[in-house]
Each structure stands twice: as structure tokens, then as C-alpha cells.
>>> print(open('model.txt').read())   # compact mmCIF, C-alpha atoms
# COMPACT_ATOMS: atom_id res chain seq x y z
CA MET A 1 8.36 -5.69 67.55
CA THR A 2 6.58 -7.79 64.98
CA LEU A 3 6.09 -6.72 61.40
CA THR A 4 2.37 -6.34 60.86
CA GLY A 5 2.17 -4.06 57.83
CA GLY A 6 2.64 -4.67 54.14
CA SER A 7 6.42 -4.27 54.09
CA PRO A 8 8.32 -7.17 52.59
CA PRO A 9 10.54 -9.02 55.06
CA THR A 10 14.24 -8.27 54.81
CA LEU A 11 16.98 -10.67 55.81
CA PHE A 12 19.05 -7.88 57.30
CA PRO A 13 18.56 -4.19 58.06
CA VAL A 14 18.68 -1.30 55.65
CA ALA A 15 22.03 0.36 55.07
CA GLU A 16 23.46 1.86 58.25
CA ARG A 17 25.49 4.33 56.20
CA SER A 18 24.51 6.03 52.97
CA LEU A 19 26.88 5.87 50.03
CA VAL A 20 27.79 8.48 47.41
CA LEU A 21 29.61 7.65 44.17
CA ALA A 22 31.59 10.66 42.90
CA SER A 23 31.50 9.45 39.29
CA ALA A 24 29.14 9.44 36.33
CA SER A 25 30.52 6.08 35.13
CA PRO A 26 27.66 3.64 34.51
CA ALA A 27 30.16 0.78 34.82
CA ARG A 28 31.15 1.81 38.36
CA LEU A 29 27.52 2.22 39.38
CA ARG A 30 26.76 -1.23 38.03
CA VAL A 31 29.67 -2.90 39.87
CA LEU A 32 28.30 -1.39 43.09
CA ARG A 33 24.66 -2.26 42.39
CA ASP A 34 25.49 -5.84 41.39
CA ALA A 35 27.20 -6.25 44.76
CA GLY A 36 24.19 -4.98 46.71
CA PHE A 37 25.01 -1.29 47.11
CA ASP A 38 22.72 1.51 46.00
CA PRO A 39 24.82 4.68 45.90
CA LYS A 40 23.65 8.16 45.12
CA VAL A 41 25.57 9.41 42.08
CA VAL A 42 27.07 12.92 42.30
CA MET A 43 29.32 14.18 39.52
CA SER A 44 32.47 15.84 40.79
CA GLY A 45 33.08 18.33 38.00
CA VAL A 46 36.84 17.86 38.39
CA ASP A 47 38.75 19.01 35.28
CA GLU A 48 40.78 15.87 34.69
CA ASP A 49 42.94 17.40 31.95
CA ALA A 50 44.19 20.07 34.34
CA VAL A 51 45.80 17.52 36.67
CA GLU A 52 49.39 16.36 36.28
CA ALA A 53 51.30 13.60 38.08
CA PRO A 54 54.66 11.86 37.67
CA ASP A 55 53.15 8.51 36.61
CA THR A 56 49.89 6.74 35.80
CA LYS A 57 49.59 5.21 39.27
CA SER A 58 49.89 8.61 40.96
CA LEU A 59 47.60 10.28 38.43
CA VAL A 60 44.63 7.98 38.97
CA THR A 61 45.03 8.22 42.75
CA VAL A 62 45.19 12.02 42.69
CA LEU A 63 42.15 12.18 40.40
CA ALA A 64 40.17 9.74 42.56
CA THR A 65 40.98 11.85 45.62
CA LEU A 66 40.07 15.14 43.95
CA LYS A 67 36.75 13.69 42.80
CA ALA A 68 35.86 12.35 46.25
CA ARG A 69 36.88 15.60 47.97
CA ALA A 70 34.91 17.74 45.52
CA VAL A 71 31.75 15.77 46.26
CA ALA A 72 32.38 15.39 50.01
CA ASP A 73 32.44 19.17 50.31
CA ARG A 74 28.88 19.37 49.13
CA THR A 75 27.05 16.58 50.94
CA GLY A 76 26.21 15.58 54.46
CA ASP A 77 26.60 12.38 56.38
CA ALA A 78 27.63 9.78 53.81
CA VAL A 79 30.59 7.67 52.77
CA VAL A 80 31.95 9.04 49.48
CA ILE A 81 33.82 6.97 46.88
CA GLY A 82 35.91 8.56 44.11
CA CYS A 83 37.71 6.59 41.38
CA ASP A 84 39.73 7.05 38.23
CA SER A 85 41.09 4.48 35.76
CA MET A 86 43.74 4.43 33.05
CA LEU A 87 45.38 1.70 30.97
CA GLU A 88 49.15 1.70 30.74
CA PHE A 89 50.54 -0.03 27.66
CA ASP A 90 54.15 0.10 26.51
CA GLY A 91 54.82 2.68 29.21
CA GLU A 92 52.14 5.06 27.89
CA PRO A 93 48.86 5.96 29.64
CA HIS A 94 45.75 5.35 27.50
CA GLY A 95 42.50 7.10 28.35
CA LYS A 96 39.59 7.17 25.90
CA PRO A 97 40.74 7.17 22.25
CA SER A 98 40.32 10.43 20.37
CA SER A 99 39.47 8.83 17.01
CA VAL A 100 38.54 5.47 15.49
CA ASP A 101 41.96 5.38 13.80
CA GLN A 102 43.66 5.83 17.17
CA ALA A 103 41.49 3.10 18.71
CA ARG A 104 42.39 0.75 15.83
CA ALA A 105 46.11 1.51 16.21
CA TRP A 106 45.95 0.85 19.96
CA LEU A 107 44.02 -2.41 19.55
CA GLN A 108 46.43 -3.61 16.86
CA ALA A 109 49.43 -2.78 19.07
CA MET A 110 47.88 -4.41 22.14
CA ARG A 111 46.77 -7.72 20.59
CA GLY A 112 48.78 -10.67 21.86
CA GLY A 113 50.33 -8.44 24.53
CA SER A 114 49.36 -7.19 27.95
CA GLY A 115 48.78 -3.87 29.66
CA THR A 116 48.18 -2.72 33.21
CA LEU A 117 44.90 -1.11 34.21
CA TYR A 118 45.38 1.27 37.13
CA THR A 119 42.34 2.29 39.17
CA GLY A 120 42.72 4.88 41.90
CA HIS A 121 40.24 4.79 44.79
CA CYS A 122 39.50 7.32 47.51
CA VAL A 123 36.94 6.96 50.30
CA ILE A 124 35.91 9.78 52.62
CA ASP A 125 33.85 9.44 55.79
CA GLU A 126 31.87 12.67 56.01
CA ARG A 127 31.07 12.06 59.67
CA THR A 128 34.71 12.27 60.69
CA GLY A 129 36.32 13.91 57.67
CA ARG A 130 38.82 11.05 57.49
CA GLU A 131 39.89 9.77 54.09
CA ALA A 132 41.86 6.83 52.69
CA SER A 133 43.14 6.21 49.18
CA GLY A 134 44.91 3.50 47.24
CA VAL A 135 45.50 2.15 43.77
CA VAL A 136 44.82 -1.28 42.24
CA ALA A 137 46.96 -2.49 39.33
CA THR A 138 45.53 -5.31 37.23
CA VAL A 139 47.31 -6.91 34.31
CA VAL A 140 45.08 -7.38 31.25
CA ARG A 141 46.10 -9.99 28.67
CA PHE A 142 44.85 -9.25 25.16
CA GLY A 143 44.07 -12.09 22.76
CA VAL A 144 45.50 -12.37 19.27
CA THR A 145 42.78 -10.76 17.16
CA SER A 146 42.45 -10.49 13.39
CA ASP A 147 41.98 -7.18 11.58
CA ALA A 148 38.48 -8.37 10.63
CA GLU A 149 37.61 -8.92 14.30
CA LEU A 150 38.94 -5.49 15.25
CA ASP A 151 36.98 -3.85 12.41
CA ALA A 152 33.81 -5.61 13.57
CA TYR A 153 34.49 -4.42 17.12
CA LEU A 154 35.25 -0.85 16.05
CA ALA A 155 31.96 -0.80 14.11
CA THR A 156 30.06 -1.30 17.38
CA GLY A 157 31.30 2.09 18.62
CA GLU A 158 32.12 0.78 22.08
CA ALA A 159 35.87 1.39 21.83
CA MET A 160 35.42 5.16 21.64
CA MET A 161 33.66 5.33 25.00
CA VAL A 162 36.14 3.51 27.23
CA ALA A 163 39.67 3.89 28.61
CA GLY A 164 42.16 1.87 26.57
CA ALA A 165 39.52 1.30 23.82
CA PHE A 166 38.33 -2.01 25.30
CA THR A 167 35.95 -3.45 27.89
CA LEU A 168 36.41 -6.62 29.92
CA ASP A 169 32.70 -7.45 30.03
CA GLY A 170 31.29 -5.74 26.93
CA ARG A 171 31.66 -6.28 23.18
CA SER A 172 35.40 -6.88 23.41
CA ALA A 173 35.12 -9.58 26.10
CA PRO A 174 35.91 -12.39 23.60
CA PHE A 175 39.16 -10.61 22.72
CA ILE A 176 40.54 -10.49 26.29
CA ASP A 177 42.23 -13.73 27.33
CA GLY A 178 42.31 -12.92 31.03
CA VAL A 179 43.54 -10.73 33.84
CA ASP A 180 45.81 -11.01 36.85
CA GLY A 181 44.26 -8.93 39.61
CA ASP A 182 40.78 -7.73 40.52
CA PRO A 183 38.61 -7.77 37.37
CA ALA A 184 36.18 -5.31 38.98
CA SER A 185 39.00 -2.74 38.99
CA VAL A 186 39.11 -3.07 35.19
CA ILE A 187 35.36 -2.81 34.81
CA GLY A 188 34.97 0.09 37.21
CA LEU A 189 36.23 -0.16 40.75
CA SER A 190 37.68 -2.75 43.10
CA LEU A 191 35.28 -3.57 45.92
CA ALA A 192 38.08 -5.48 47.68
CA LYS A 193 40.12 -2.26 47.73
CA VAL A 194 37.11 -0.20 48.87
CA ARG A 195 36.54 -2.73 51.68
CA ALA A 196 40.19 -2.46 52.76
CA LEU A 197 40.17 1.35 52.64
CA LEU A 198 36.92 1.53 54.62
CA ALA A 199 38.40 -0.81 57.23
CA THR A 200 41.16 1.72 57.91
CA LEU A 201 38.36 4.21 58.68
CA ASP A 202 36.69 1.67 61.00
CA ILE A 203 33.76 1.18 58.63
CA SER A 204 32.52 -2.29 57.64
CA ILE A 205 31.55 -2.44 53.96
CA THR A 206 28.59 -4.67 54.85
CA ASP A 207 27.07 -1.70 56.72
CA LEU A 208 26.75 0.01 53.32
CA TRP A 209 24.65 -2.73 51.75
CA ALA A 210 21.16 -1.77 50.69
CA THR A 211 18.29 -4.10 51.61
CA VAL A 212 17.96 -7.45 49.89
CA ALA A 213 14.88 -6.24 48.10
CA SER A 214 16.32 -3.04 46.67
CA MET B 1 19.40 1.04 -0.85
CA THR B 2 18.53 3.90 1.48
CA LEU B 3 16.68 3.40 4.74
CA THR B 4 13.38 5.24 4.45
CA GLY B 5 11.20 3.52 7.06
CA GLY B 6 11.01 3.78 10.82
CA SER B 7 13.66 1.18 11.58
CA PRO B 8 16.58 2.42 13.62
CA PRO B 9 19.90 2.38 11.81
CA THR B 10 22.27 -0.40 12.77
CA LEU B 11 26.03 -0.17 12.50
CA PHE B 12 26.36 -3.77 11.35
CA PRO B 13 24.02 -6.53 10.25
CA VAL B 14 21.91 -8.81 12.42
CA ALA B 15 23.47 -12.06 13.58
CA GLU B 16 24.47 -14.31 10.71
CA ARG B 17 24.16 -17.35 12.95
CA SER B 18 21.67 -17.95 15.74
CA LEU B 19 22.95 -18.95 19.15
CA VAL B 20 21.56 -21.41 21.70
CA LEU B 21 22.69 -21.55 25.33
CA ALA B 22 22.22 -25.03 26.80
CA SER B 23 22.01 -23.72 30.36
CA ALA B 24 19.46 -22.14 32.66
CA SER B 25 22.19 -20.12 34.43
CA PRO B 26 21.20 -16.44 34.53
CA ALA B 27 24.89 -15.56 35.04
CA ARG B 28 25.89 -17.22 31.75
CA LEU B 29 23.06 -15.54 29.90
CA ARG B 30 24.11 -12.20 31.30
CA VAL B 31 27.79 -12.65 30.31
CA LEU B 32 26.61 -13.34 26.76
CA ARG B 33 24.08 -10.48 26.67
CA ASP B 34 26.56 -7.95 28.09
CA ALA B 35 28.92 -8.86 25.25
CA GLY B 36 26.29 -8.32 22.54
CA PHE B 37 24.90 -11.83 22.08
CA ASP B 38 21.24 -12.71 22.42
CA PRO B 39 21.05 -16.49 22.76
CA LYS B 40 17.95 -18.60 22.98
CA VAL B 41 18.03 -20.51 26.27
CA VAL B 42 17.25 -24.23 26.16
CA MET B 43 17.63 -26.34 29.29
CA SER B 44 19.45 -29.60 28.68
CA GLY B 45 17.84 -31.79 31.32
CA VAL B 46 21.17 -33.59 31.84
CA ASP B 47 21.27 -35.41 35.20
CA GLU B 48 24.52 -33.96 36.49
CA ASP B 49 24.70 -36.25 39.53
CA ALA B 50 24.72 -39.33 37.30
CA VAL B 51 28.00 -38.32 35.62
CA GLU B 52 31.39 -39.40 36.93
CA ALA B 53 34.89 -38.38 35.85
CA PRO B 54 38.42 -38.85 37.18
CA ASP B 55 38.92 -35.18 38.10
CA THR B 56 37.17 -31.80 38.25
CA LYS B 57 38.64 -30.67 34.94
CA SER B 58 37.32 -33.72 33.12
CA LEU B 59 33.97 -33.59 34.92
CA VAL B 60 33.09 -30.04 33.86
CA THR B 61 34.16 -30.74 30.27
CA VAL B 62 32.08 -33.93 30.07
CA LEU B 63 29.06 -32.15 31.58
CA ALA B 64 29.42 -29.19 29.20
CA THR B 65 29.56 -31.60 26.26
CA LEU B 66 26.56 -33.65 27.41
CA LYS B 67 24.52 -30.46 27.88
CA ALA B 68 25.39 -29.12 24.42
CA ARG B 69 24.72 -32.48 22.76
CA ALA B 70 21.38 -32.91 24.52
CA VAL B 71 20.19 -29.55 23.19
CA ALA B 72 21.78 -29.87 19.74
CA ASP B 73 19.69 -33.00 19.19
CA ARG B 74 16.52 -31.00 19.52
CA THR B 75 17.13 -27.82 17.56
CA GLY B 76 17.87 -26.79 14.03
CA ASP B 77 20.46 -24.56 12.45
CA ALA B 78 22.18 -22.87 15.38
CA VAL B 79 25.46 -22.76 17.22
CA VAL B 80 24.98 -24.42 20.62
CA ILE B 81 27.03 -23.61 23.74
CA GLY B 82 27.11 -25.90 26.77
CA CYS B 83 29.02 -25.11 30.01
CA ASP B 84 29.60 -26.41 33.50
CA SER B 85 31.57 -24.92 36.41
CA MET B 86 33.04 -26.18 39.66
CA LEU B 87 35.39 -24.75 42.26
CA GLU B 88 38.30 -26.89 43.38
CA PHE B 89 39.65 -26.03 46.81
CA ASP B 90 42.14 -28.12 48.77
CA GLY B 91 41.83 -30.81 46.10
CA GLU B 92 38.05 -31.11 46.57
CA PRO B 93 35.37 -30.09 44.04
CA HIS B 94 32.78 -27.66 45.45
CA GLY B 95 29.42 -27.30 43.74
CA LYS B 96 26.53 -25.49 45.43
CA PRO B 97 26.58 -25.87 49.23
CA SER B 98 23.92 -28.15 50.70
CA SER B 99 23.38 -26.11 53.88
CA VAL B 100 24.23 -22.72 55.39
CA ASP B 101 26.56 -24.49 57.82
CA GLN B 102 28.44 -26.07 54.93
CA ALA B 103 28.65 -22.73 53.12
CA ARG B 104 30.03 -21.11 56.31
CA ALA B 105 32.60 -23.89 56.77
CA TRP B 106 33.74 -23.54 53.13
CA LEU B 107 34.01 -19.74 53.33
CA GLN B 108 35.95 -19.95 56.60
CA ALA B 109 38.34 -22.51 55.09
CA MET B 110 38.80 -20.52 51.87
CA ARG B 111 39.46 -17.06 53.38
CA GLY B 112 43.02 -15.91 52.84
CA GLY B 113 43.59 -18.81 50.43
CA SER B 114 42.91 -19.55 46.80
CA GLY B 115 40.96 -22.05 44.75
CA THR B 116 40.66 -22.92 41.08
CA LEU B 117 37.41 -22.42 39.22
CA TYR B 118 37.09 -24.86 36.32
CA THR B 119 34.61 -24.11 33.56
CA GLY B 120 34.05 -26.64 30.80
CA HIS B 121 32.84 -25.35 27.42
CA CYS B 122 31.44 -27.20 24.42
CA VAL B 123 30.27 -25.64 21.16
CA ILE B 124 28.40 -27.52 18.45
CA ASP B 125 27.72 -26.31 14.92
CA GLU B 126 24.37 -27.83 14.00
CA ARG B 127 24.93 -27.13 10.31
CA THR B 128 27.92 -29.47 10.17
CA GLY B 129 27.54 -31.52 13.35
CA ARG B 130 31.09 -30.61 14.32
CA GLU B 131 31.88 -29.90 17.95
CA ALA B 132 34.78 -28.55 20.00
CA SER B 133 35.33 -28.51 23.74
CA GLY B 134 37.81 -27.18 26.24
CA VAL B 135 38.24 -26.14 29.84
CA VAL B 136 39.32 -22.86 31.42
CA ALA B 137 41.00 -22.87 34.84
CA THR B 138 41.01 -19.58 36.76
CA VAL B 139 42.64 -19.08 40.14
CA VAL B 140 40.45 -17.18 42.62
CA ARG B 141 42.15 -15.46 45.56
CA PHE B 142 39.90 -15.06 48.60
CA GLY B 143 40.33 -12.12 50.95
CA VAL B 144 40.80 -12.45 54.69
CA THR B 145 37.25 -12.05 55.98
CA SER B 146 35.96 -11.80 59.55
CA ASP B 147 33.27 -14.08 60.94
CA ALA B 148 30.99 -11.02 61.13
CA GLU B 149 31.47 -10.36 57.39
CA LEU B 150 30.77 -14.00 56.53
CA ASP B 151 27.63 -13.98 58.71
CA ALA B 152 26.42 -10.82 56.96
CA TYR B 153 27.11 -12.46 53.60
CA LEU B 154 25.40 -15.72 54.54
CA ALA B 155 22.34 -13.72 55.65
CA THR B 156 21.90 -12.48 52.07
CA GLY B 157 21.21 -16.05 50.90
CA GLU B 158 23.43 -15.71 47.84
CA ALA B 159 25.97 -18.34 48.92
CA MET B 160 23.39 -21.15 48.71
CA MET B 161 22.72 -20.52 45.03
CA VAL B 162 26.23 -20.65 43.59
CA ALA B 163 29.10 -23.09 43.05
CA GLY B 164 31.73 -22.70 45.77
CA ALA B 165 29.34 -20.51 47.85
CA PHE B 166 30.68 -17.24 46.40
CA THR B 167 30.24 -14.90 43.44
CA LEU B 168 32.88 -12.73 41.81
CA ASP B 169 30.47 -9.93 40.91
CA GLY B 170 27.66 -10.28 43.44
CA ARG B 171 27.37 -9.76 47.20
CA SER B 172 30.71 -11.44 47.90
CA ALA B 173 32.67 -9.29 45.43
CA PRO B 174 34.32 -7.25 48.25
CA PHE B 175 35.64 -10.50 49.74
CA ILE B 176 37.50 -11.67 46.60
CA ASP B 177 40.93 -10.07 46.23
CA GLY B 178 41.39 -11.06 42.59
CA VAL B 179 41.77 -13.77 39.98
CA ASP B 180 44.42 -15.07 37.63
CA GLY B 181 42.64 -16.09 34.44
CA ASP B 182 39.43 -15.13 32.65
CA PRO B 183 37.02 -13.62 35.19
CA ALA B 184 34.08 -14.35 32.87
CA SER B 185 34.82 -18.07 33.33
CA VAL B 186 34.22 -17.57 37.07
CA ILE B 187 31.03 -15.60 36.54
CA GLY B 188 29.59 -17.93 33.90
CA LEU B 189 31.58 -18.72 30.79
CA SER B 190 34.76 -17.61 29.04
CA LEU B 191 34.01 -15.77 25.81
CA ALA B 192 37.71 -15.96 24.90
CA LYS B 193 37.48 -19.76 25.08
CA VAL B 194 34.19 -19.80 23.12
CA ARG B 195 35.86 -17.61 20.47
CA ALA B 196 38.82 -20.01 20.24
CA LEU B 197 36.59 -23.10 20.06
CA LEU B 198 34.40 -21.52 17.37
CA ALA B 199 37.53 -20.66 15.36
CA THR B 200 38.38 -24.38 15.16
CA LEU B 201 34.93 -24.86 13.57
CA ASP B 202 35.63 -21.99 11.12
CA ILE B 203 33.06 -19.72 12.78
CA SER B 204 33.85 -16.12 13.71
CA ILE B 205 32.31 -15.16 17.04
CA THR B 206 31.48 -11.71 15.66
CA ASP B 207 28.99 -13.40 13.28
CA LEU B 208 26.97 -14.36 16.37
CA TRP B 209 26.53 -10.79 17.62
CA ALA B 210 22.99 -9.50 17.77
CA THR B 211 22.30 -6.00 16.45
CA VAL B 212 23.58 -2.95 18.28
CA ALA B 213 20.03 -2.04 19.23
CA SER B 214 19.07 -5.39 20.75
>>> encode(input="model.txt", output="C-alpha cells")
Amino acid sequence: MTLTGGSPPTLFPVAERSLVLASASPARLRVLRDAGFDPKVVMSGVDEDAVEAPDTKSLVTVLATLKARAVADRTGDAVVIGCDSMLEFDGEPHGKPSSVDQARAWLQAMRGGSGTLYTGHCVIDERTGREASGVVATVVRFGVTSDAELDAYLATGEAMMVAGAFTLDGRSAPFIDGVDGDPASVIGLSLAKVRALLATLDISITDLWATVAS
Amino acid sequence: MTLTGGSPPTLFPVAERSLVLASASPARLRVLRDAGFDPKVVMSGVDEDAVEAPDTKSLVTVLATLKARAVADRTGDAVVIGCDSMLEFDGEPHGKPSSVDQARAWLQAMRGGSGTLYTGHCVIDERTGREASGVVATVVRFGVTSDAELDAYLATGEAMMVAGAFTLDGRSAPFIDGVDGDPASVIGLSLAKVRALLATLDISITDLWATVAS
């Protein structure tokens, strides 16, 4: 068949599988979109505070799984991705700070040191009901910042909205010296991990790509 | 003074110093914008092929410096940033691939291995004429990809547009297992390095932030 209508040419077909992101995180959506995916966003409604686990690594994996399962119950024929992230510093899990003073105290304690960002991932194939989950641990190395720099950063308001009170690619980017691991797992989710988990379900991640034009 | 007009409130003042990016790279511009900077883009016109250096590390630093100097000659009172990036794999520098076949050969050789992405940075303070330069080396670990995955990736066309035939945050993100170093240096430029270079010129990077609203 030859294209005769007004449709733009595409270099490869539209997505063979539809994708659902069980998260309201704009950062996760952006990581996916930047890499050519166009997921439907469905919030899971999981009460994160009601979940307990023996350690940070287990907690984020359990939460990612609960989120994916909650959404997979309500939709049809898609691949569902659930995620959860937490920073561990000095043996303590750090979610979003509860006050500017707490954010300042964290940032002061973290400067010149390093923490580990854990991101749990769960994928569910609604066609088969099979699921796979796994965690990615990425070491984040914080630069040596001055109090003036931290005050300027805190004034932007960003710290209050993010786990660990920092971003890798936002206003605090100049204050992070580097990472050891998958940076996308710090920003939102690891596509390398999602690819590996999907492979165990016999799904190729490239089948989830949207069209070039989208 | 109390704000009485229609202007939106800002949490901190507009940039105290203006910023110029001596590069047409959309990835570098985006790294800066995501972190709250709003640089003016000025292309340097430097003939990159005419420059020689003993190794990749020196080459990217020389090119970054030539780009910044070329632009600093033509503008006024700003801080100028010049950058250049190259992937070194198996001892060979890899810029943009010259053909799809070359891109495929590179990606096949790199899978399961690692390379080093060198990004040279140069900052010039036009007020004083002082400059500072430095290089960031980041190890990139490539996942084990199938020929089918590489063919799907090559069909997107992205590989032809980027140094080393891959991106960390674009279509090839699922095929990169991780990095050791500053991921922003792989995507475009290291803001941690820019911050450090500016500090040697007695400039605080937070003085270059645009307003919250921009």
C-alpha cells in the first residue's frame, strides 16, 4: 500500500503496545516523553504513608508495585509502569522535606558527601497479567556549597517539591558533582531497568515507542 | 516598596549578570534552561575540523576555548560559556557518525562496553577579560543491545545527529545502563564544572539565574 493522503510519513510504525504511567510525577513523564514514549498518566491513589518495609530499597519496590497494580486493575490492554523514589543519606530515608528549615538542614548535611537514590520499578503486562519489579540504586555526589548558595536555592522553592530536597537537572544541578548509576533513575525512572524488566515479560521496549512525529 | 502593579511576584531578583552560550546545541541550551538560566545563543563560527590537539581531552578544551573567545570578541558585558564534547571509545574519538552504517558499527562495538565522554568548558567574564577552562570526563556504560533494538534505534534517525551516535536522555536512553560522572556533561554541559570555573573568576553561578517566572 502506498500512502496517498495527507498523513506525514513515519520512519517506523505507531506503538504496538500502549503504555500507562501509574504516577503523577511530571519528571517521570518527561523522562519517558524525551525518550520517545507517550504514556497515558493514571494516578494510583496509593496511600504511601500507610506502607511499611524493612529498608528503603524494599519500600520503593513495594510502593512501585502497589501503584502499578492499583492502576492495572482499572485499565485494559496496556503495559503499566509504577515507580517510587527515595534518597538515603546517612542511613536515613529522605522523601520530600516538610519545611524549608528541614530542607536547609538536609542540604547542609549532604554537601560534600554522597547519598543513594533508590527508585523502585514495577511493570505489568495487562494482556497476560504478568509483572516484574526491580530497584535501581544510584549514588549521588553533592558538591561543596556555601550557605549563600543554599539560601539562593531554597528561595527558588524547588527543594520543597522533590525527594531529598534536590534535583539533578533543575535549579540544584550546579550543586551536584555527579552520579554513579543511571541518572534517569534520579530524575524519575530508569529506562534501562524498564527495558530489562519488560524483556523478562517478552516485551521489547521499542514496541512501546510512539511515532517519530508525536 | 510594595508591588502594586500587574507584575507577578518573584522570589529573587532578575539575573545580575547576562549569560551567552557560544553554541548552537539545543541540548546545551536545554540543560541551562532546565536549571533556571536563560542564555542568549550566539554561534561561534569556529571551524572545528581545522583544530588539532594531541588527545581528545585537549581537543575539546581547545575547541571550547576558541568558541568562547570567538563570541566574547563580539559582545558586551556578559559571561560567555563555550563547550565541546566528544566520546572516546577504544582509544578513538567519536564525533557525529558520517553514515548509518558507521553509526551501526559503533553501536555494535560499544554495546556491553563503556566509553568516556569528554566535555570541554570555557567561561569568559567580558567585564574583566578573565577566562577559565576545564574538562569533565564521564564514563558511559552501554547496555547489551540486540541487533533488532539497534535497527529500531537507527530508524529513528537520532544517532546521526549526536556525538558517539547515542543520547543519554533521548531515544537511546533505554540502551545506556548508567554513567560515572556528571550526566549533564554527557547531555550538553556540566553545570557543576561551570560553577567551579565561575568561582575562580569570583562569580557566583546563582547570580546568572533568570527569574523564577522566566
>>> interface_residues(input="model.txt", of="chain A", to="chain B", cutoff="7 Å", atoms="only C-alpha atoms", output="ChimeraX atom specification")
/A:11-12,34-36,149,152,155-156,169-171,173-183,191-192,195,206,212
>>> write_last_selection(input="model.txt", atoms="C-alpha atoms", output="compact mmCIF listing (two decimals), keeping the file's coordinate frame")
# COMPACT_ATOMS: atom_id res chain seq x y z
CA LEU A 11 16.98 -10.67 55.81
CA PHE A 12 19.05 -7.88 57.30
CA ASP A 34 25.49 -5.84 41.39
CA ALA A 35 27.20 -6.25 44.76
CA GLY A 36 24.19 -4.98 46.71
CA GLU A 149 37.61 -8.92 14.30
CA ALA A 152 33.81 -5.61 13.57
CA ALA A 155 31.96 -0.80 14.11
CA THR A 156 30.06 -1.30 17.38
CA ASP A 169 32.70 -7.45 30.03
CA GLY A 170 31.29 -5.74 26.93
CA ARG A 171 31.66 -6.28 23.18
CA ALA A 173 35.12 -9.58 26.10
CA PRO A 174 35.91 -12.39 23.60
CA PHE A 175 39.16 -10.61 22.72
CA ILE A 176 40.54 -10.49 26.29
CA ASP A 177 42.23 -13.73 27.33
CA GLY A 178 42.31 -12.92 31.03
CA VAL A 179 43.54 -10.73 33.84
CA ASP A 180 45.81 -11.01 36.85
CA GLY A 181 44.26 -8.93 39.61
CA ASP A 182 40.78 -7.73 40.52
CA PRO A 183 38.61 -7.77 37.37
CA LEU A 191 35.28 -3.57 45.92
CA ALA A 192 38.08 -5.48 47.68
CA ARG A 195 36.54 -2.73 51.68
CA THR A 206 28.59 -4.67 54.85
CA VAL A 212 17.96 -7.45 49.89
>>> residues_around(input="model.txt", residues="B:Val135", least_positions_apart="6", cutoff="7 Å", atoms="only C-alpha atoms", output="number ranges by chain")
B: 57, 61, 118-121
>>> write_last_selection(input="model.txt", atoms="C-alpha atoms", output="PDB file, keeping the file's coordinate frame")
ATOM      1  CA  LYS B  57      38.640 -30.670  34.940  1.00  0.00           C
ATOM      2  CA  THR B  61      34.160 -30.740  30.270  1.00  0.00           C
ATOM      3  CA  TYR B 118      37.090 -24.860  36.320  1.00  0.00           C
ATOM      4  CA  THR B 119      34.610 -24.110  33.560  1.00  0.00           C
ATOM      5  CA  GLY B 120      34.050 -26.640  30.800  1.00  0.00           C
ATOM      6  CA  HIS B 121      32.840 -25.350  27.420  1.00  0.00           C
TER       7      HIS B 121
END
>>> closest_residue(input="model.txt", among="B:Ala199, B:Leu189, B:Ala163, B:Gln108", to="A:Ser146", atoms="all atoms listed in the file")
B:Ala199
>>> atom_distance(input="model.txt", atom1="atom CA of B:Gly134", atom2="atom CA of B:Ala78")
19.5 Å
>>> atom_distance(input="model.txt", atom1="atom CA of A:Asp77", atom2="atom CA of A:Asp38")
15.5 Å
>>> atom_distance(input="model.txt", atom1="atom CA of B:Ser114", atom2="atom CA of B:Asp147")
18.0 Å
>>> closest_residue(input="model.txt", among="B:Val41, B:Ala165, B:Val123, B:Leu197", to="B:Ala109", atoms="all atoms listed in the file")
B:Ala165
>>> closest_residue(input="model.txt", among="A:Ile124, A:Ala137, A:Val62, A:Ala103", to="A:Gly76", atoms="only C-alpha atoms")
A:Ile124
>>> closest_residue(input="model.txt", among="B:Val60, B:Val144, B:Met86, B:Met161", to="B:Leu117", atoms="only C-alpha atoms")
B:Met86
>>> axis_aligned_box(input="model.txt", around="stretch 159-163 of chain A", padding_each_side="6 Å", output="JSON")
{"center_x": 36.7, "center_y": 3.4, "center_z": 25.1, "size_x": 18.0, "size_y": 15.9, "size_z": 19.0}
